[in-house]
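A.B. asks: Sharing data-v1.tsv, TSV, C-alpha atoms:
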chain	number	residue	atom	x	y	z
A	180	MET	CA	152.05	124.93	98.54
A	181	GLN	CA	150.68	121.76	97.04
A	182	GLU	CA	148.67	120.71	100.10
A	183	PRO	CA	146.01	123.42	99.92
A	184	ALA	CA	145.58	122.61	96.25
A	185	ILE	CA	144.80	118.97	97.13
A	186	GLU	CA	142.26	120.11	99.70
A	187	GLN	CA	140.61	122.32	97.10
A	188	ASP	CA	140.33	119.34	94.76
A	189	THR	CA	138.63	117.30	97.48
A	190	LYS	CA	136.15	120.08	98.14
A	191	ALA	CA	135.45	120.36	94.45
A	192	ASN	CA	134.74	116.62	94.26
A	193	GLU	CA	132.37	116.81	97.21
A	194	GLU	CA	130.53	119.66	95.55
A	195	ILE	CA	130.12	117.59	92.42
A	196	ASP	CA	128.73	114.71	94.48
A	197	LEU	CA	126.32	116.73	96.59
A	198	PRO	CA	123.29	117.68	94.57
A	199	TRP	CA	121.41	114.41	94.05
A	200	GLN	CA	117.91	113.58	95.11
A	201	VAL	CA	115.83	110.46	95.59
A	202	VAL	CA	112.46	110.81	93.88
A	203	VAL	CA	109.53	108.43	94.30
A	204	HIS	CA	106.93	108.38	91.53
A	205	ASN	CA	103.24	107.58	91.71
A	206	ASP	CA	102.12	104.03	91.00
A	207	PRO	CA	98.40	103.24	91.24
A	208	VAL	CA	99.08	99.62	92.26
A	209	ASN	CA	101.14	100.14	95.40
A	210	LEU	CA	98.94	100.61	98.45
A	211	MET	CA	99.17	103.90	100.36
A	212	THR	CA	99.75	102.09	103.65
A	213	TYR	CA	102.50	100.02	102.05
A	214	VAL	CA	104.27	103.09	100.64
A	215	THR	CA	104.09	104.79	104.04
A	216	MET	CA	105.62	101.75	105.72
A	217	VAL	CA	108.45	101.66	103.16
A	218	PHE	CA	109.29	105.35	103.73
A	219	GLN	CA	109.38	104.73	107.49
A	220	ARG	CA	111.67	101.75	107.09
A	221	VAL	CA	114.05	103.07	104.45
A	222	PHE	CA	114.45	106.65	105.66
A	223	GLY	CA	113.55	106.18	109.32
A	224	TYR	CA	110.87	108.86	109.02
A	225	PRO	CA	108.13	109.11	111.67
A	226	ARG	CA	104.71	108.00	110.44
A	227	GLU	CA	103.41	111.58	109.94
A	228	LYS	CA	106.33	112.58	107.73
A	229	ALA	CA	106.14	109.31	105.79
A	230	GLU	CA	102.42	109.89	105.22
A	231	GLU	CA	103.06	113.44	103.99
A	232	HIS	CA	105.48	112.15	101.38
A	233	MET	CA	103.12	109.31	100.44
A	234	LEU	CA	100.29	111.82	99.89
A	235	GLU	CA	102.57	114.06	97.83
A	236	VAL	CA	103.41	111.09	95.61
A	237	HIS	CA	99.74	110.23	95.30
A	238	GLN	CA	98.50	113.77	94.63
A	239	LYS	CA	101.37	115.37	92.74
A	240	GLY	CA	102.81	112.29	91.06
A	241	ARG	CA	106.20	112.49	92.75
A	242	SER	CA	107.96	113.40	95.95
A	243	ILE	CA	111.58	114.13	96.78
A	244	LEU	CA	112.40	111.88	99.71
A	245	TRP	CA	116.03	112.70	100.28
A	246	SER	CA	118.86	114.87	98.94
A	247	GLY	CA	122.58	114.44	99.34
A	248	VAL	CA	125.62	112.63	98.04
A	249	ARG	CA	125.16	110.34	95.08
A	250	GLU	CA	126.37	107.09	96.67
A	251	ARG	CA	123.88	107.28	99.50
A	252	ALA	CA	121.09	108.31	97.15
A	253	GLU	CA	121.86	105.26	94.99
A	254	LEU	CA	121.64	103.06	98.03
A	255	TYR	CA	118.23	104.50	98.92
A	256	VAL	CA	116.97	104.00	95.36
A	257	GLN	CA	118.17	100.40	95.47
A	258	GLN	CA	116.34	99.81	98.75
A	259	LEU	CA	113.16	101.39	97.36
A	260	HIS	CA	113.34	99.16	94.28
A	261	GLY	CA	113.69	96.22	96.65
A	262	TYR	CA	110.26	97.22	97.95
A	263	LEU	CA	109.05	97.59	94.35
A	264	LEU	CA	108.49	101.34	94.48
A	265	LEU	CA	109.14	103.47	91.39
A	266	ALA	CA	112.15	105.45	92.53
A	267	THR	CA	114.79	107.39	90.62
A	268	LEU	CA	117.95	109.25	91.26
A	269	GLU	CA	117.98	112.82	89.93
A	270	LYS	CA	120.53	115.55	89.86
A	271	VAL	CA	119.25	118.74	91.48
A	272	ASN	CA	118.79	121.43	88.86
B	276	MET	CA	86.89	83.74	105.26
B	277	ASP	CA	88.15	84.68	108.71
B	278	ILE	CA	91.40	86.40	109.35
B	279	SER	CA	93.07	86.89	112.72
B	280	ARG	CA	96.39	87.74	114.30
B	281	GLY	CA	98.04	85.53	116.90
B	282	GLN	CA	101.24	86.03	118.87
B	283	ASP	CA	103.59	84.68	116.20
B	284	GLU	CA	101.37	84.06	113.23
B	285	LEU	CA	98.54	85.34	111.11
B	286	GLU	CA	95.70	82.93	110.50
B	287	ILE	CA	93.40	82.90	107.51
B	288	SER	CA	90.68	80.35	108.15
B	289	GLU	CA	87.45	79.31	106.44
B	290	LEU	CA	89.15	79.78	103.09
B	291	ASP	CA	86.79	78.54	100.43
B	292	PRO	CA	88.30	76.60	97.48
B	293	PHE	CA	88.11	79.62	95.18
B	294	LEU	CA	90.08	81.92	97.49
B	295	ALA	CA	92.48	79.08	98.36
B	296	GLU	CA	93.15	78.67	94.63
B	297	LEU	CA	93.82	82.40	94.26
B	298	LEU	CA	96.35	82.13	97.07
B	299	ARG	CA	98.01	79.14	95.42
B	300	GLN	CA	98.45	81.27	92.32
B	301	ILE	CA	100.57	83.91	94.08
B	302	PRO	CA	103.99	82.42	93.21
B	303	ALA	CA	103.11	81.85	89.54
B	304	SER	CA	101.57	85.31	89.30
B	305	THR	CA	104.85	86.98	90.31
B	306	SER	CA	106.52	85.87	87.08
B	307	PRO	CA	106.72	88.59	84.40
B	308	GLU	CA	107.66	86.01	81.77
B	309	GLY	CA	106.27	86.85	78.35
B	310	ALA	CA	105.26	90.35	79.47
B	311	PRO	CA	108.12	92.82	78.85
B	312	ALA	CA	106.12	95.68	80.41
B	313	ALA	CA	105.75	93.71	83.65
B	314	GLU	CA	109.47	92.85	83.57
B	315	GLN	CA	110.23	96.57	83.14
B	316	ARG	CA	107.95	97.45	86.03
B	317	LEU	CA	109.59	95.00	88.43
B	318	PHE	CA	113.06	96.05	87.33
B	319	SER	CA	112.64	99.73	86.55
B	320	GLN	CA	115.45	102.12	85.64
B	321	PRO	CA	117.21	103.96	88.47
B	322	THR	CA	117.21	107.27	86.58
B	323	ASN	CA	114.92	109.10	84.20
B	324	SER	CA	117.72	111.04	82.62
B	325	GLY	CA	118.94	108.14	80.53
B	326	GLU	CA	122.40	107.93	82.06
B	327	ALA	CA	123.65	104.98	80.03
B	328	GLU	CA	126.58	104.13	82.26
B	329	ALA	CA	124.57	104.23	85.49
B	330	CYS	CA	121.80	102.11	83.96
B	331	ALA	CA	124.29	99.55	82.64
B	332	GLU	CA	125.96	99.25	86.04
B	333	TRP	CA	122.57	98.93	87.69
B	334	LYS	CA	121.61	96.10	85.34
B	335	LEU	CA	124.89	94.35	85.98
B	336	TYR	CA	125.17	94.67	89.75
B	337	VAL	CA	121.85	95.66	91.31
B	338	GLU	CA	119.29	93.85	89.19
B	339	PRO	CA	120.61	90.32	89.95
B	340	GLU	CA	120.44	91.18	93.65
B	341	LEU	CA	116.84	92.37	93.30
B	342	ARG	CA	115.95	89.18	91.39
B	343	ARG	CA	117.38	87.09	94.23
B	344	LEU	CA	115.47	89.16	96.80
B	345	PHE	CA	112.16	88.74	94.97
B	346	GLN	CA	112.80	85.04	94.30
B	347	THR	CA	113.56	84.34	97.98
B	348	ALA	CA	110.32	86.03	99.04
B	349	THR	CA	108.32	84.03	96.48
B	350	GLU	CA	109.90	80.77	97.62
B	351	THR	CA	109.02	81.51	101.25
B	352	VAL	CA	105.40	82.14	100.28
B	353	ALA	CA	105.30	79.02	98.10
B	354	ALA	CA	106.51	76.95	101.06
B	355	ASP	CA	103.81	78.43	103.34
B	356	LEU	CA	101.17	77.73	100.72
B	357	LYS	CA	101.91	74.00	100.86
B	358	GLN	CA	99.58	73.97	103.86
B	359	LEU	CA	96.73	74.32	101.37
B	360	ASN	CA	97.67	71.07	99.63
B	361	GLY	CA	96.30	68.74	102.28
B	362	ASN	CA	94.26	65.62	101.70
B	363	GLU	CA	90.98	67.17	102.77
B	364	LYS	CA	87.94	66.92	100.56
B	365	PRO	CA	88.39	69.12	97.49
B	366	PHE	CA	85.55	71.46	98.42
B	367	ALA	CA	86.39	71.75	102.11
B	368	ASN	CA	87.41	75.12	103.52
B	369	ARG	CA	91.08	75.48	104.40
B	370	THR	CA	93.19	77.31	106.95
B	371	LEU	CA	96.48	79.04	106.25
B	372	ARG	CA	98.91	80.12	108.95
B	373	ILE	CA	101.57	82.67	108.08
B	374	PRO	CA	104.43	82.97	110.57
B	375	THR	CA	104.92	86.64	111.47
B	376	CYS	CA	108.58	86.34	110.52
B	377	HIS	CA	107.42	85.61	106.95
B	378	ALA	CA	105.30	88.78	106.78
B	379	ASP	CA	107.86	90.73	104.73
B	380	ALA	CA	108.17	87.89	102.24
B	381	TRP	CA	104.39	87.86	101.86
B	382	LEU	CA	104.24	91.63	101.38
B	383	SER	CA	106.88	91.38	98.66
B	384	ALA	CA	105.34	88.41	96.84
B	385	LEU	CA	101.85	89.91	96.97
B	386	ASN	CA	103.22	93.18	95.64
B	387	GLN	CA	105.12	91.45	92.84
B	388	ALA	CA	101.99	89.54	91.88
B	389	ARG	CA	99.77	92.65	91.96
B	390	LEU	CA	102.21	94.66	89.84
B	391	VAL	CA	102.63	91.89	87.27
B	392	ILE	CA	98.89	91.18	86.97
B	393	ALA	CA	98.01	94.90	86.78
B	394	THR	CA	100.67	95.52	84.12
B	395	ARG	CA	99.70	92.45	82.07
B	396	ASN	CA	96.07	93.62	82.06
B	397	ASN	CA	96.87	97.30	81.68
B	398	PHE	CA	94.46	98.19	84.49
B	399	THR	CA	93.68	101.89	84.78
B	400	GLU	CA	93.80	103.80	88.06
B	401	GLY	CA	89.99	104.01	87.86
B	402	GLU	CA	89.61	100.25	87.58
B	403	LEU	CA	92.02	99.65	90.45
B	404	SER	CA	90.12	101.97	92.76
B	405	ASP	CA	86.64	100.76	91.77
B	406	HIS	CA	85.72	98.69	94.82
B	407	TYR	CA	82.04	98.44	93.87
B	408	ARG	CA	82.65	96.60	90.62
B	409	SER	CA	80.00	94.18	89.45
B	410	PRO	CA	80.50	90.41	89.86
B	411	ILE	CA	83.25	88.60	87.96
B	412	GLY	CA	82.13	88.16	84.36
B	413	SER	CA	85.37	87.83	82.44
B	414	ARG	CA	89.00	86.81	82.76
B	415	ARG	CA	89.86	90.51	83.15
B	416	ASP	CA	87.36	90.87	86.01
B	417	LEU	CA	88.92	87.82	87.67
B	418	SER	CA	92.41	89.34	87.38
B	419	LEU	CA	91.14	92.59	88.90
B	420	PHE	CA	89.53	90.65	91.74
B	421	GLN	CA	92.85	88.85	92.25
B	422	VAL	CA	94.73	92.19	92.47
B	423	ASN	CA	92.20	93.52	94.99
B	424	PHE	CA	92.19	90.31	97.04
B	425	TYR	CA	95.98	90.35	97.26
B	426	GLY	CA	95.77	94.03	98.21
B	427	PHE	CA	93.34	93.18	100.98
B	428	LEU	CA	95.80	90.61	102.33
B	429	GLN	CA	98.62	93.14	102.15
B	430	GLU	CA	96.53	95.62	104.15
B	431	PHE	CA	95.85	92.97	106.78
B	432	ILE	CA	99.52	92.01	107.06
B	433	LEU	CA	100.54	95.68	107.29
B	434	ARG	CA	97.99	96.31	110.02
B	435	ALA	CA	99.18	93.27	111.94
B	436	LEU	CA	102.81	94.43	111.71
B	437	GLU	CA	101.81	97.91	112.82
B	438	GLU	CA	99.86	96.58	115.80
B	439	ARG	CA	102.78	94.38	116.76
B	440	GLU	CA	105.17	97.35	116.62
B	441	ASP	CA	102.74	99.43	118.67
B	442	GLY	CA	102.51	96.59	121.19
B	443	ILE	CA	98.79	96.02	120.72
B	444	ASP	CA	97.79	92.48	121.59
B	445	ASP	CA	94.61	90.64	120.70
Produce structure tokens that represent the structure in this file.
C.D. replies:
Amino acid sequence: MQEPAIEQDTKANEEIDLPWQVVVHNDPVNLMTYVTMVFQRVFGYPREKAEEHMLEVHQKGRSILWSGVRERAELYVQQLHGYLLLATLEKVN
Amino acid sequence: MDISRGQDELEISELDPFLAELLRQIPASTSPEGAPAAEQRLFSQPTNSGEAEACAEWKLYVEPELRRLFQTATETVAADLKQLNGNEKPFANRTLRIPTCHADAWLSALNQARLVIATRNNFTEGELSDHYRSPIGSRRDLSLFQVNFYGFLQEFILRALEEREDGIDD
């Protein structure tokens, strides 16, 4: 009867890891076209979707670019910092 | 100044000595030395929630990698800029050719320089978007011009990359 218990633990761990999001914050120095290009490259978004997020960052001060497991979110944040964008990792409330 | 896109390179010609000097200053301008706010901007925290452990790990493992990435880009740009150190007459216009494969390095170095200069000078969003500013009359005006000039180059490089990806030839 131990096996199901192990499976339950794994599921519980996945649940703990799931709710993380990658947030990009507004920065008046970074060019809009540059930010759009970075979103296309990092997330593979089509230009229209990348532009929507760029405009959300510009107009609302922040945009959630991606949600999912923490490790992947960390990787995205690292890539975004490599492009000098202001990006953070946040736990979904 | 003329700017054009070739098959494998971007060419900036008719560069007057003033603009050539601004270009030469790109590598030095990327350094946040002596400006903690600029250092913080280049190497910002990965979270806003103050997770001490995550921030410490980031500083230990990720930050050195980012430093190497930025340094490599700056070195590539510095090597390209050696073209401007020829033996021509000091007031002669110059030409700079940027290989397309160096475009990402240029985008990074220009961005580093713009962020550092803007942070050092504490430029407001209004100042940064004021494209009808009066002629340069102070060191601050010069720095703002530098940020905008580097931004103009970034725009050109981005457009060239976009056209290349879309398969648009000259």
A.B. asks: Any idea what's packed within 12 Å of Leu259 of chain A, counting only C-alpha atoms, ignoring anything in its chain fewer than 5 positions away? Could you give it as a PyMOL selection string?
C.D. replies: (chain A and resi 201-204+213-222+244+252-254+264-268) or (chain B and resi 317-321+341+383)
A.B. asks: Find the residue from B:Asn397, B:Gln282, B:Gln300, B:Gln429 that sits nearest to Leu356 of chain B; use all atoms listed in the file when measuring.
C.D. replies: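 Distance minimum relative to Leu356 of chain B lands on B:Gln300.
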A.B. asks: What are the closest atom pairs, with distances in Å to one decimal, for each residue of chain B lying within 9 Å of chain A, using only C-alpha atoms, rows by chain and rising residue number, as a Markdown table?
C.D. replies:
| residue | atom | partner | partner_atom | distance |
| --- | --- | --- | --- | --- |
| B:Arg316 | CA | A:Leu265 | CA | 8.1 |
| B:Leu317 | CA | A:Leu263 | CA | 6.5 |
| B:Phe318 | CA | A:His260 | CA | 7.6 |
| B:Ser319 | CA | A:Leu265 | CA | 7.0 |
| B:Gln320 | CA | A:Thr267 | CA | 7.3 |
| B:Pro321 | CA | A:Thr267 | CA | 4.7 |
| B:Thr322 | CA | A:Thr267 | CA | 4.7 |
| B:Asn323 | CA | A:Thr267 | CA | 6.6 |
| B:Ser324 | CA | A:Glu269 | CA | 7.5 |
| B:Val337 | CA | A:Gln257 | CA | 7.3 |
| B:Glu340 | CA | A:Gly261 | CA | 8.9 |
| B:Leu341 | CA | A:Gly261 | CA | 6.0 |
| B:Leu344 | CA | A:Gly261 | CA | 7.3 |
| B:Phe345 | CA | A:Gly261 | CA | 7.8 |
| B:Leu382 | CA | A:Tyr213 | CA | 8.6 |
| B:Ser383 | CA | A:Tyr262 | CA | 6.8 |
| B:Asn386 | CA | A:Asn209 | CA | 7.3 |
| B:Gln387 | CA | A:Leu263 | CA | 7.4 |
| B:Arg389 | CA | A:Val208 | CA | 7.0 |
| B:Leu390 | CA | A:Val208 | CA | 6.3 |
| B:Ala393 | CA | A:Val208 | CA | 7.3 |
| B:Thr399 | CA | A:Pro207 | CA | 8.1 |
| B:Glu400 | CA | A:Pro207 | CA | 5.6 |
| B:Leu403 | CA | A:Val208 | CA | 7.3 |
| B:Ser404 | CA | A:Pro207 | CA | 8.5 |
| B:Val422 | CA | A:Val208 | CA | 8.6 |
| B:Gly426 | CA | A:Leu210 | CA | 7.3 |
| B:Gln429 | CA | A:Tyr213 | CA | 7.9 |
| B:Glu430 | CA | A:Thr212 | CA | 7.2 |
| B:Leu433 | CA | A:Tyr213 | CA | 7.1 |
| B:Arg434 | CA | A:Thr212 | CA | 8.8 |
| B:Glu437 | CA | A:Met216 | CA | 8.9 |
A.B. asks: Once you have the residues from the selection above, write them out as a CSV table (one decimal), keeping the file's coordinate frame, restricted to C-alpha atoms.
C.D. replies:
chain,number,residue,atom,x,y,z
B,316,ARG,CA,108.0,97.4,86.0
B,317,LEU,CA,109.6,95.0,88.4
B,318,PHE,CA,113.1,96.0,87.3
B,319,SER,CA,112.6,99.7,86.6
B,320,GLN,CA,115.4,102.1,85.6
B,321,PRO,CA,117.2,104.0,88.5
B,322,THR,CA,117.2,107.3,86.6
B,323,ASN,CA,114.9,109.1,84.2
B,324,SER,CA,117.7,111.0,82.6
B,337,VAL,CA,121.8,95.7,91.3
B,340,GLU,CA,120.4,91.2,93.6
B,341,LEU,CA,116.8,92.4,93.3
B,344,LEU,CA,115.5,89.2,96.8
B,345,PHE,CA,112.2,88.7,95.0
B,382,LEU,CA,104.2,91.6,101.4
B,383,SER,CA,106.9,91.4,98.7
B,386,ASN,CA,103.2,93.2,95.6
B,387,GLN,CA,105.1,91.4,92.8
B,389,ARG,CA,99.8,92.6,92.0
B,390,LEU,CA,102.2,94.7,89.8
B,393,ALA,CA,98.0,94.9,86.8
B,399,THR,CA,93.7,101.9,84.8
B,400,GLU,CA,93.8,103.8,88.1
B,403,LEU,CA,92.0,99.6,90.4
B,404,SER,CA,90.1,102.0,92.8
B,422,VAL,CA,94.7,92.2,92.5
B,426,GLY,CA,95.8,94.0,98.2
B,429,GLN,CA,98.6,93.1,102.2
B,430,GLU,CA,96.5,95.6,104.2
B,433,LEU,CA,100.5,95.7,107.3
B,434,ARG,CA,98.0,96.3,110.0
B,437,GLU,CA,101.8,97.9,112.8
A.B. asks: With all atoms of segment 212-225 of chain A from the file as input, state the centre and edge lengths in Å to one decimal of the axis-aligned box that has 6 Å extra on each side, as lines of an AutoDock Vina configuration file.
C.D. replies:
center_x = 107.1
center_y = 104.6
center_z = 106.2
size_x = 26.7
size_y = 21.1
size_z = 23.0
A.B. asks: Grab the atom CA of Asn423 of chain B to atom CA of Leu294 of chain B distance for me, in Å with one decimal place.
C.D. replies: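 Value for the atom CA of Asn423 of chain B-atom CA of Leu294 of chain B distance: 12.1 Å.
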A.B. asks: Got a sec: who's within 12 Å of Glu286 of chain B, counting only C-alpha atoms, leaving out chain neighbours fewer than 4 positions off, as a PyMOL selection string?
C.D. replies: chain B and resi 276-282+290+355+358+369-375+378+428+431-432+435
A.B. asks: For Gln421 of chain B, which residue among B:Leu436, B:Ala331, B:Ala354, B:Ala388 is the nearest when counting all atoms listed in the file?
C.D. replies: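 Using all atoms listed in the file, the shortest distance to Gln421 of chain B belongs to B:Ala388.
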A.B. asks: To one decimal in Å, tell me the separation between atom CA of Ala312 of chain B and atom CA of Thr394 of chain B.
C.D. replies: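 Calculated distance between atom CA of Ala312 of chain B and atom CA of Thr394 of chain B is 6.6 Å.
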A.B. asks: Just give me the gap between atom CA of Ile243 of chain A and atom CA of Ala229 of chain A in Å, one decimal is fine.
C.D. replies: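 Atom CA of Ala229 of chain A lies at a distance of 11.6 Å from atom CA of Ile243 of chain A.
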A.B. asks: In the coordinates of the file, take the point (96.9, 78.6, 96.7) and a cut-off of 9 Å; then, counting all atoms listed in the file, name each qualifying protein, DNA or RNA residue as an NGL selection string.
C.D. replies: :B and (292-302 or 353 or 356-360)
